[in-house]
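This is structure.pdb (PDB, C-alpha atoms).
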ATOM      1  CA  MET A 959      11.700  -9.220  20.540  1.00  0.00           C
ATOM      2  CA  LEU A 960      11.838  -6.931  17.467  1.00  0.00           C
ATOM      3  CA  LYS A 961       9.471  -9.121  15.427  1.00  0.00           C
ATOM      4  CA  ASP A 962       6.971  -9.241  18.288  1.00  0.00           C
ATOM      5  CA  ILE A 963       7.037  -5.446  18.616  1.00  0.00           C
ATOM      6  CA  LEU A 964       6.649  -4.993  14.855  1.00  0.00           C
ATOM      7  CA  LYS A 965       3.640  -7.309  14.727  1.00  0.00           C
ATOM      8  CA  VAL A 966       1.917  -5.342  17.492  1.00  0.00           C
ATOM      9  CA  LEU A 967       2.638  -1.971  15.843  1.00  0.00           C
ATOM     10  CA  GLU A 968       1.613  -3.212  12.414  1.00  0.00           C
ATOM     11  CA  ASN A 969      -1.750  -4.213  13.848  1.00  0.00           C
ATOM     12  CA  ASP A 970      -2.209  -0.985  15.855  1.00  0.00           C
ATOM     13  CA  ALA A 971       0.352   1.822  15.693  1.00  0.00           C
ATOM     14  CA  HIS A 972      -1.298   3.520  18.708  1.00  0.00           C
ATOM     15  CA  THR A 973      -0.129   0.760  21.050  1.00  0.00           C
ATOM     16  CA  THR A 974       2.085   2.328  23.729  1.00  0.00           C
ATOM     17  CA  SER A 975       5.510   1.051  24.735  1.00  0.00           C
ATOM     18  CA  LYS A 976       4.041   0.095  28.109  1.00  0.00           C
ATOM     19  CA  GLN A 977       1.286  -1.963  26.454  1.00  0.00           C
ATOM     20  CA  ILE A 978       3.797  -3.619  24.112  1.00  0.00           C
ATOM     21  CA  ALA A 979       6.044  -4.395  27.088  1.00  0.00           C
ATOM     22  CA  THR A 980       3.143  -6.137  28.831  1.00  0.00           C
ATOM     23  CA  MET A 981       2.361  -8.120  25.669  1.00  0.00           C
ATOM     24  CA  THR A 982       5.950  -9.156  24.948  1.00  0.00           C
ATOM     25  CA  GLY A 983       7.447  -9.482  28.420  1.00  0.00           C
ATOM     26  CA  ALA A 984      10.085  -6.827  27.712  1.00  0.00           C
ATOM     27  CA  SER A 985      10.617  -3.649  29.725  1.00  0.00           C
ATOM     28  CA  PRO A 986       9.005  -0.410  28.444  1.00  0.00           C
ATOM     29  CA  ALA A 987      12.495   1.123  28.137  1.00  0.00           C
ATOM     30  CA  ASP A 988      13.701  -1.785  25.970  1.00  0.00           C
ATOM     31  CA  VAL A 989      10.591  -1.526  23.791  1.00  0.00           C
ATOM     32  CA  THR A 990      11.116   2.224  23.293  1.00  0.00           C
ATOM     33  CA  LYS A 991      14.813   1.697  22.489  1.00  0.00           C
ATOM     34  CA  THR A 992      13.999  -1.101  20.023  1.00  0.00           C
ATOM     35  CA  ILE A 993      11.358   1.013  18.267  1.00  0.00           C
ATOM     36  CA  LYS A 994      13.692   4.023  17.971  1.00  0.00           C
ATOM     37  CA  GLN A 995      16.426   1.808  16.492  1.00  0.00           C
ATOM     38  CA  ALA A 996      13.955   0.229  14.044  1.00  0.00           C
ATOM     39  CA  GLU A 997      12.912   3.718  12.915  1.00  0.00           C
ATOM     40  CA  LYS A 998      16.554   4.757  12.508  1.00  0.00           C
ATOM     41  CA  ASP A 999      17.318   1.578  10.519  1.00  0.00           C
ATOM     42  CA  ARG A1000      14.251   2.172   8.296  1.00  0.00           C
ATOM     43  CA  ILE A1001      12.656  -1.078   9.389  1.00  0.00           C
ATOM     44  CA  ILE A1002       9.694   1.007  10.554  1.00  0.00           C
ATOM     45  CA  LEU A1003       9.107   3.394   7.662  1.00  0.00           C
ATOM     46  CA  LYS A1004       5.995   5.243   8.844  1.00  0.00           C
ATOM     47  CA  TYR A1005       2.928   4.987  10.997  1.00  0.00           C
ATOM     48  CA  LYS A1006      -0.347   4.879   9.150  1.00  0.00           C
ATOM     49  CA  ALA A1007      -4.068   5.173   9.628  1.00  0.00           C
ATOM     50  CA  VAL A1008      -6.417   3.117   7.466  1.00  0.00           C
ATOM     51  CA  VAL A1009      -9.115   5.570   6.349  1.00  0.00           C
ATOM     52  CA  ASN A1010     -12.444   4.738   4.767  1.00  0.00           C
ATOM     53  CA  TRP A1011     -12.484   7.738   2.394  1.00  0.00           C
ATOM     54  CA  ASP A1012     -15.842   6.648   0.972  1.00  0.00           C
ATOM     55  CA  ARG A1013     -17.430   7.782   4.250  1.00  0.00           C
ATOM     56  CA  ILE A1014     -16.223  11.380   3.925  1.00  0.00           C
ATOM     57  CA  GLU A1015     -15.675  12.202   0.258  1.00  0.00           C
ATOM     58  CA  ASP A1016     -16.822  11.035  -3.147  1.00  0.00           C
ATOM     59  CA  GLU A1017     -13.896  12.507  -5.026  1.00  0.00           C
ATOM     60  CA  GLN A1018     -11.419   9.658  -4.809  1.00  0.00           C
ATOM     61  CA  VAL A1019     -10.861   7.053  -7.505  1.00  0.00           C
ATOM     62  CA  TRP A1020      -8.567   4.077  -7.112  1.00  0.00           C
ATOM     63  CA  ALA A1021      -7.019   2.156  -9.995  1.00  0.00           C
ATOM     64  CA  LEU A1022      -4.748  -0.852 -10.345  1.00  0.00           C
ATOM     65  CA  ILE A1023      -2.408  -0.330 -13.261  1.00  0.00           C
ATOM     66  CA  GLU A1024      -0.302  -3.116 -14.726  1.00  0.00           C
ATOM     67  CA  VAL A1025       2.816  -1.923 -16.542  1.00  0.00           C
ATOM     68  CA  LYS A1026       4.939  -3.902 -19.009  1.00  0.00           C
ATOM     69  CA  VAL A1027       8.488  -2.584 -19.142  1.00  0.00           C
ATOM     70  CA  THR A1028      11.816  -3.324 -20.764  1.00  0.00           C
ATOM     71  CA  PRO A1029      14.359  -3.752 -17.964  1.00  0.00           C
ATOM     72  CA  GLU A1030      17.352  -1.451 -18.265  1.00  0.00           C
ATOM     73  CA  PRO A1031      20.853  -2.869 -18.589  1.00  0.00           C
ATOM     74  CA  GLU A1032      22.650  -2.776 -15.224  1.00  0.00           C
ATOM     75  CA  ALA A1033      19.589  -1.340 -13.338  1.00  0.00           C
ATOM     76  CA  GLY A1034      16.912  -3.851 -14.344  1.00  0.00           C
ATOM     77  CA  PHE A1035      13.443  -2.831 -13.167  1.00  0.00           C
ATOM     78  CA  ASP A1036      14.658  -0.660 -10.282  1.00  0.00           C
ATOM     79  CA  SER A1037      15.441   2.457 -12.299  1.00  0.00           C
ATOM     80  CA  ILE A1038      12.070   2.538 -14.065  1.00  0.00           C
ATOM     81  CA  ALA A1039      10.244   1.739 -10.823  1.00  0.00           C
ATOM     82  CA  GLY A1040      12.107   4.583  -9.128  1.00  0.00           C
ATOM     83  CA  ARG A1041      10.927   7.066 -11.756  1.00  0.00           C
ATOM     84  CA  ILE A1042       7.335   5.847 -11.542  1.00  0.00           C
ATOM     85  CA  ALA A1043       7.378   5.991  -7.726  1.00  0.00           C
ATOM     86  CA  GLN A1044       8.039   9.752  -7.838  1.00  0.00           C
ATOM     87  CA  PHE A1045       4.498  10.552  -9.036  1.00  0.00           C
ATOM     88  CA  HIS A1046       2.160  11.631  -6.216  1.00  0.00           C
ATOM     89  CA  GLN A1047      -0.710   9.602  -7.715  1.00  0.00           C
ATOM     90  CA  VAL A1048       1.181   6.339  -7.145  1.00  0.00           C
ATOM     91  CA  ARG A1049       0.113   5.035  -3.735  1.00  0.00           C
ATOM     92  CA  SER A1050       1.922   1.672  -4.013  1.00  0.00           C
ATOM     93  CA  LEU A1051       4.260   0.072  -6.555  1.00  0.00           C
ATOM     94  CA  TYR A1052       5.242  -3.593  -6.807  1.00  0.00           C
ATOM     95  CA  LEU A1053       7.401  -5.769  -9.054  1.00  0.00           C
ATOM     96  CA  ALA A1054       5.159  -8.720  -9.895  1.00  0.00           C
ATOM     97  CA  SER A1055       5.287 -11.987 -11.779  1.00  0.00           C
ATOM     98  CA  GLY A1056       2.984 -12.655 -14.701  1.00  0.00           C
ATOM     99  CA  THR A1057       2.193 -10.919 -17.962  1.00  0.00           C
ATOM    100  CA  TYR A1058       3.050  -7.460 -16.631  1.00  0.00           C
ATOM    101  CA  ASP A1059       6.116  -6.470 -14.649  1.00  0.00           C
ATOM    102  CA  LEU A1060       4.938  -3.693 -12.354  1.00  0.00           C
ATOM    103  CA  LEU A1061       1.673  -3.251 -10.472  1.00  0.00           C
ATOM    104  CA  LEU A1062       0.689   0.232  -9.362  1.00  0.00           C
ATOM    105  CA  VAL A1063      -2.032   1.344  -6.991  1.00  0.00           C
ATOM    106  CA  VAL A1064      -2.975   4.820  -8.189  1.00  0.00           C
ATOM    107  CA  VAL A1065      -5.342   7.268  -6.478  1.00  0.00           C
ATOM    108  CA  ASP A1066      -6.677  10.553  -7.844  1.00  0.00           C
ATOM    109  CA  LYS A1067      -9.859  12.628  -7.864  1.00  0.00           C
ATOM    110  CA  SER A1068     -11.385  11.233 -11.071  1.00  0.00           C
ATOM    111  CA  GLU A1069     -11.045   8.573 -13.754  1.00  0.00           C
ATOM    112  CA  ARG A1070     -10.119  11.341 -16.196  1.00  0.00           C
ATOM    113  CA  LEU A1071      -7.156  12.409 -14.034  1.00  0.00           C
ATOM    114  CA  ILE A1072      -5.949   8.811 -13.765  1.00  0.00           C
ATOM    115  CA  ALA A1073      -6.297   8.418 -17.545  1.00  0.00           C
ATOM    116  CA  GLU A1074      -4.267  11.620 -18.011  1.00  0.00           C
ATOM    117  CA  PHE A1075      -1.618  10.301 -15.612  1.00  0.00           C
ATOM    118  CA  VAL A1076      -1.322   7.090 -17.662  1.00  0.00           C
ATOM    119  CA  SER A1077      -1.320   8.796 -21.067  1.00  0.00           C
ATOM    120  CA  GLN A1078       0.748  11.883 -20.259  1.00  0.00           C
ATOM    121  CA  ASN A1079       3.161  10.659 -17.607  1.00  0.00           C
ATOM    122  CA  LEU A1080       3.417   6.898 -17.364  1.00  0.00           C
ATOM    123  CA  SER A1081       3.411   6.092 -21.081  1.00  0.00           C
ATOM    124  CA  HIS A1082       6.211   8.623 -21.739  1.00  0.00           C
ATOM    125  CA  ILE A1083       8.705   6.932 -19.427  1.00  0.00           C
ATOM    126  CA  GLU A1084      11.440   5.253 -21.428  1.00  0.00           C
ATOM    127  CA  GLY A1085      11.133   1.492 -21.145  1.00  0.00           C
ATOM    128  CA  VAL A1086       7.360   1.425 -20.601  1.00  0.00           C
ATOM    129  CA  GLN A1087       5.917  -0.856 -23.294  1.00  0.00           C
ATOM    130  CA  GLY A1088       2.266  -0.886 -22.289  1.00  0.00           C
ATOM    131  CA  THR A1089      -0.285  -0.576 -19.519  1.00  0.00           C
ATOM    132  CA  VAL A1090      -3.583  -2.074 -18.474  1.00  0.00           C
ATOM    133  CA  SER A1091      -5.780  -0.073 -16.105  1.00  0.00           C
ATOM    134  CA  HIS A1092      -8.404  -1.501 -13.772  1.00  0.00           C
ATOM    135  CA  PHE A1093     -10.625   0.941 -11.883  1.00  0.00           C
ATOM    136  CA  VAL A1094     -11.622  -0.103  -8.371  1.00  0.00           C
ATOM    137  CA  LEU A1095     -15.408  -0.024  -8.093  1.00  0.00           C
ATOM    138  CA  LYS A1096     -15.660  -0.650  -4.363  1.00  0.00           C
ATOM    139  CA  ARG A1097     -13.154  -1.308  -1.602  1.00  0.00           C
ATOM    140  CA  TYR A1098     -14.204  -3.909   0.964  1.00  0.00           C
ATOM    141  CA  LYS A1099     -11.031  -4.414   2.979  1.00  0.00           C
ATOM    142  CA  GLU A1100      -7.862  -2.336   3.355  1.00  0.00           C
ATOM    143  CA  ASP A1101      -4.732  -3.462   5.231  1.00  0.00           C
ATOM    144  CA  GLY A1102      -6.719  -6.119   7.067  1.00  0.00           C
ATOM    145  CA  GLU A1103      -9.572  -3.795   8.075  1.00  0.00           C
ATOM    146  CA  LEU A1104     -13.124  -4.228   6.845  1.00  0.00           C
ATOM    147  CA  LEU A1105     -14.290  -0.896   5.466  1.00  0.00           C
ATOM    148  CA  ASN A1106     -18.000  -1.519   5.995  1.00  0.00           C
ATOM    149  CA  GLY A1107     -17.659  -1.088   9.758  1.00  0.00           C
ATOM    150  CA  GLY A1108     -17.332  -4.788  10.410  1.00  0.00           C
ATOM    151  CA  GLU A1109     -20.964  -5.442   9.556  1.00  0.00           C
ATOM    152  CA  ALA A1110     -21.838  -9.047   8.891  1.00  0.00           C
ATOM    153  CA  VAL A1111     -22.198 -10.117   5.275  1.00  0.00           C
ATOM    154  CA  LYS A1112     -25.916 -10.215   4.453  1.00  0.00           C
ATOM    155  CA  ARG A1113     -25.993 -13.560   2.596  1.00  0.00           C
ATOM    156  CA  GLU A1114     -27.473 -16.849   3.541  1.00  0.00           C
ATOM    157  CA  PRO A1115     -24.868 -19.573   4.141  1.00  0.00           C
ATOM    158  CA  VAL A1116     -24.614 -22.314   1.555  1.00  0.00           C
ATOM    159  CA  VAL A1117     -25.506 -25.665   3.070  1.00  0.00           C
ATOM    160  CA  LEU A1118     -24.955 -28.899   1.175  1.00  0.00           C
TER
END
Here is the file; what I need is its structure written in the form of structure tokens.
Amino acid sequence: MLKDILKVLENDAHTTSKQIATMTGASPADVTKTIKQAEKDRIILKYKAVVNWDRIEDEQVWALIEVKVTPEPEAGFDSIAGRIAQFHQVRSLYLASGTYDLLLVVVDKSERLIAEFVSQNLSHIEGVQGTVSHFVLKRYKEDGELLNGGEAVKREPVVL
């Protein structure tokens, strides 16, 4: 039952316990109890709205930053990732495979502020060997939602 409830909430956090109960076959009271326990156990961490900021403000720049680090003895990548996660500019942080170890999603008001974050904050963290920054030019889809209002793609289909 928990997985079914989580899938519904992940898709739409506004879904009521009564609606979830109808969808899952559980009682509304059981759904509410399960959700409260999942929140207490930090399975549900927060409820979130996906916002198309491009529709209301121009002053938001997104960047993907790859970070190469030297893992610390005993703590590995976790200690460095914990320090990086404390910065308000860091929207998301992942340990990844490949050439770089960490992948950050960083958001700020300008490219200059993101560059300052990388040069003045990120590069000074012990264990950080190097970074590569990629600025997001346009966001098309966020957390499964099309940001263009669900408009159809204006391209002719390829027919062979």
**Message:** Evaluated on this file, the PyMOL selection byres ((chain A and resi 1085) around 12) picks out some residues - which ones are they, written as number ranges by chain?
**Reply:** A: 1025-1031, 1033-1039, 1041-1042, 1059-1060, 1080-1084, 1086-1089
**Prompt:** So which residues get picked by the PyMOL selection byres ((chain A and resi 1061) around 10) here, written as a list in words?
**Reply:** Leu1022, Ile1023, Glu1024, Val1025, Lys1026, Ala1039, Ser1050, Leu1051, Tyr1052, Leu1053, Ala1054, Ser1055, Tyr1058, Asp1059, Leu1060, Leu1062, Val1063, Val1064, Thr1089, Val1090 and Ser1091 of chain A
**Item:** Expected selection from the PyMOL selection byres ((chain A and resi 982) around 8), given as a list of chain:residue names
**Value:**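 Output from the PyMOL selection byres ((chain A and resi 982) around 8), applied to this file: A:Met959, A:Asp962, A:Ile963, A:Ile978, A:Ala979, A:Thr980, A:Met981, A:Gly983, A:Ala984.
In this model, the gap between atom CA of A:Asp1066 and atom CA of A:Gln1078 comes to 14.5 Å.
Nearest residue to A:Ala996, choosing from A:Ala1021, A:Ala971, A:Leu960, A:Ile1014 and counting all atoms listed in the file: A:Leu960.
Across the model, the gap from atom CA of A:Arg1097 to atom CA of A:Val966 is 24.7 Å.
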**Request:** May I ask for the distance between atom CA of A:Val1065 and atom CA of A:Ser1077, given in Å to one decimal place?
**Result:** 15.2 Å
**Request:** Would you kindly return, as a list in words, each protein, DNA or RNA residue with an atom no farther than 10 Å from any atom of A:Ile1002, considering all atoms listed in the file and excluding same-chain residues fewer than 6 positions away?
**Result:**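 The filter keeps Leu964, Leu967, Glu968, Ile993, Lys994, Gln995 and Ala996 of chain A.
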Please save C-alpha atoms of the selected residues as a PDB file, in the frame of the given file.
ATOM      1  CA  LEU A 964       6.649  -4.993  14.855  1.00  0.00           C
ATOM      2  CA  LEU A 967       2.638  -1.971  15.843  1.00  0.00           C
ATOM      3  CA  GLU A 968       1.613  -3.212  12.414  1.00  0.00           C
ATOM      4  CA  ILE A 993      11.358   1.013  18.267  1.00  0.00           C
ATOM      5  CA  LYS A 994      13.692   4.023  17.971  1.00  0.00           C
ATOM      6  CA  GLN A 995      16.426   1.808  16.492  1.00  0.00           C
ATOM      7  CA  ALA A 996      13.955   0.229  14.044  1.00  0.00           C
TER       8      ALA A 996
END
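For A:Leu1104, the set of protein, DNA and RNA residues having any atom at most 10 Å away, when counting all atoms listed in the file and skipping those fewer than 6 positions along the same chain, is Val1008, Asn1010, Arg1097 and Tyr1098 of chain A.
Each of A:Asn1079, A:Glu1017, A:Thr992, A:Ala1007 was checked against A:Glu1103 using all atoms listed in the file; the smallest atom-to-atom distance is that of A:Ala1007.
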Each side padded by 4 Å, which centre and which edge lengths in Å (one decimal) define the axis-aligned box around the listed atoms of stretch 1040-1057 of chain A? Give them as lines of an AutoDock Vina configuration file.
center_x = 5.7
center_y = -0.5
center_z = -10.8
size_x = 20.8
size_y = 32.3
size_z = 22.2
